[in-house]
Amino acid sequence: MPPRRSYDQYCSAARALDLVGDRWTLLIVRELLAGPRRYTDLHADLPGVSTDVLASRLKDMERDGLATRRRLPPPGVASVYELTARGAALLPVLQALGRWGEGELGERRPTDAVRAHWFALPLLRALDGRGVVEVRLEEGEFHVRAGAEEGPAYGDGPAPGEADARLVMDSATCAAVGRGELALADAVRSGRVTVSGDGPLAKALREG
C-alpha cells in the first residue's frame, strides 16, 4: 500500500487527523461501533460513498490498527470488519463531535438520508443506569448498551436476547432527547416516549 499521507506536524491533533481525517473514515467508525459489519452492510448504511473509496478507507483503517477483517465461521461465507480496541476508543470522540455539530442539523432536508441507528450515539448520552435499551422509531429499530465499558456501544435492529427496557418514540423526540433539549423523563411523562419492560432499568425510566 502507498504510505499514509501525513500533515508532518509534531502535534497530537495532527497525528490523529493523519489517521481519521480523511472523508468517510469517522463515519465508518460510527458504523463499526455497532459491532462487526459486512462490506455490503457498510456500503448500504453509508449512502454516497463509492465502493472504491470505502474499500480504500477500510484498507487504511486495517493498516493503521483501527479495524480488522475476519472471515465468519461456517455456515457464514462472508468477511466482516470490526474495530480494534484503538478504533473503539473513538466513541467519545464521535460523541463530542456529534454534540459540537448539533447546531448544524436544523430541519431535515429532502436530500438527507437517515438510518435509525444514527440516533444511538446521541441517545446514549441521555441514558442513566446500565443495561440494554431497545428503541423503536418509524425509521426502524436499534439498541444501545447504556453504561457499557466494552463491546459494541449500540447495534442496528432489535437487541440480541432480552432487552432491559424498550422505548418507542418518533425520531423528532429521539433527536430532542439526544440534544438535551428534552429530558427523557419529561418525554416519558408527557407520553412522547413509551417504556416497556419489567427490569430495574425500565422501572427507573418510567419513574424518571
# chains A, B, ... in the order shown; residues from 1 in each chain; ligands from 1

call {"tool": "select_by_dssp", "arguments": {"residues": "stretch 18-181 of chain A", "states": "strand (DSSP E or B)", "output": "number ranges by chain"}}
result
A: 37-38, 67-71, 79-83, 131-137, 140-146, 154-156, 165-168

call {"tool": "residues_around", "arguments": {"residues": "A:Leu201", "least_positions_apart": "5", "cutoff": "12 Å", "atoms": "only C-alpha atoms", "output": "list in words"}}
result
Leu127, Asp128, Gly129, Arg130, Gly131, Val132, Val133, Glu134, Arg145, Ala146, Gly147, Ala163, Asp164, Ala165, Arg166, Leu167, Val195, Ser196, Arg206, Glu207 and Gly208 of chain A

call {"tool": "residues_around", "arguments": {"residues": "A:Ile28", "least_positions_apart": "2", "cutoff": "10 Å", "atoms": "only C-alpha atoms", "output": "ChimeraX atom specification"}}
result
/A:20,23-26,30-33,42-43,45-46,54,57-58,61,67,83

call {"tool": "write_last_selection", "arguments": {"atoms": "C-alpha atoms", "output": "mmCIF file, in the first residue's frame"}}
result
data_model
loop_
_atom_site.group_PDB
_atom_site.id
_atom_site.type_symbol
_atom_site.label_atom_id
_atom_site.label_comp_id
_atom_site.auth_asym_id
_atom_site.auth_seq_id
_atom_site.Cartn_x
_atom_site.Cartn_y
_atom_site.Cartn_z
ATOM 1 C CA VAL A 20 -9.069 9.645 10.822
ATOM 2 C CA ARG A 23 -13.549 11.893 4.328
ATOM 3 C CA TRP A 24 -15.741 8.936 5.416
ATOM 4 C CA THR A 25 -13.307 7.435 7.938
ATOM 5 C CA LEU A 26 -15.099 8.615 11.077
ATOM 6 C CA ARG A 30 -19.639 5.183 13.571
ATOM 7 C CA GLU A 31 -20.979 2.155 11.719
ATOM 8 C CA LEU A 32 -18.443 -0.266 13.202
ATOM 9 C CA LEU A 33 -19.206 0.907 16.736
ATOM 10 C CA LEU A 42 -21.363 -0.777 5.430
ATOM 11 C CA HIS A 43 -21.938 0.364 1.867
ATOM 12 C CA ASP A 45 -25.536 2.404 5.522
ATOM 13 C CA LEU A 46 -23.075 4.949 4.116
ATOM 14 C CA LEU A 54 -14.988 2.580 1.016
ATOM 15 C CA ARG A 57 -10.687 3.636 3.724
ATOM 16 C CA LEU A 58 -11.138 0.147 5.177
ATOM 17 C CA MET A 61 -8.032 1.530 8.845
ATOM 18 C CA ALA A 67 -10.079 -2.092 12.284
ATOM 19 C CA LEU A 83 -12.966 -2.134 15.303
#

call {"tool": "residues_around", "arguments": {"residues": "stretch 172-180 of chain A", "least_positions_apart": "6", "cutoff": "8 Å", "atoms": "only C-alpha atoms", "output": "PyMOL selection string"}}
result
chain A and resi 99+102+119+122-126+187+192-193

call {"tool": "residues_around", "arguments": {"residues": "A:Ala88", "least_positions_apart": "4", "cutoff": "10 Å", "atoms": "only C-alpha atoms", "output": "PyMOL selection string"}}
result
chain A and resi 29-30+32-35+66-67+82-84+92-93+150-153
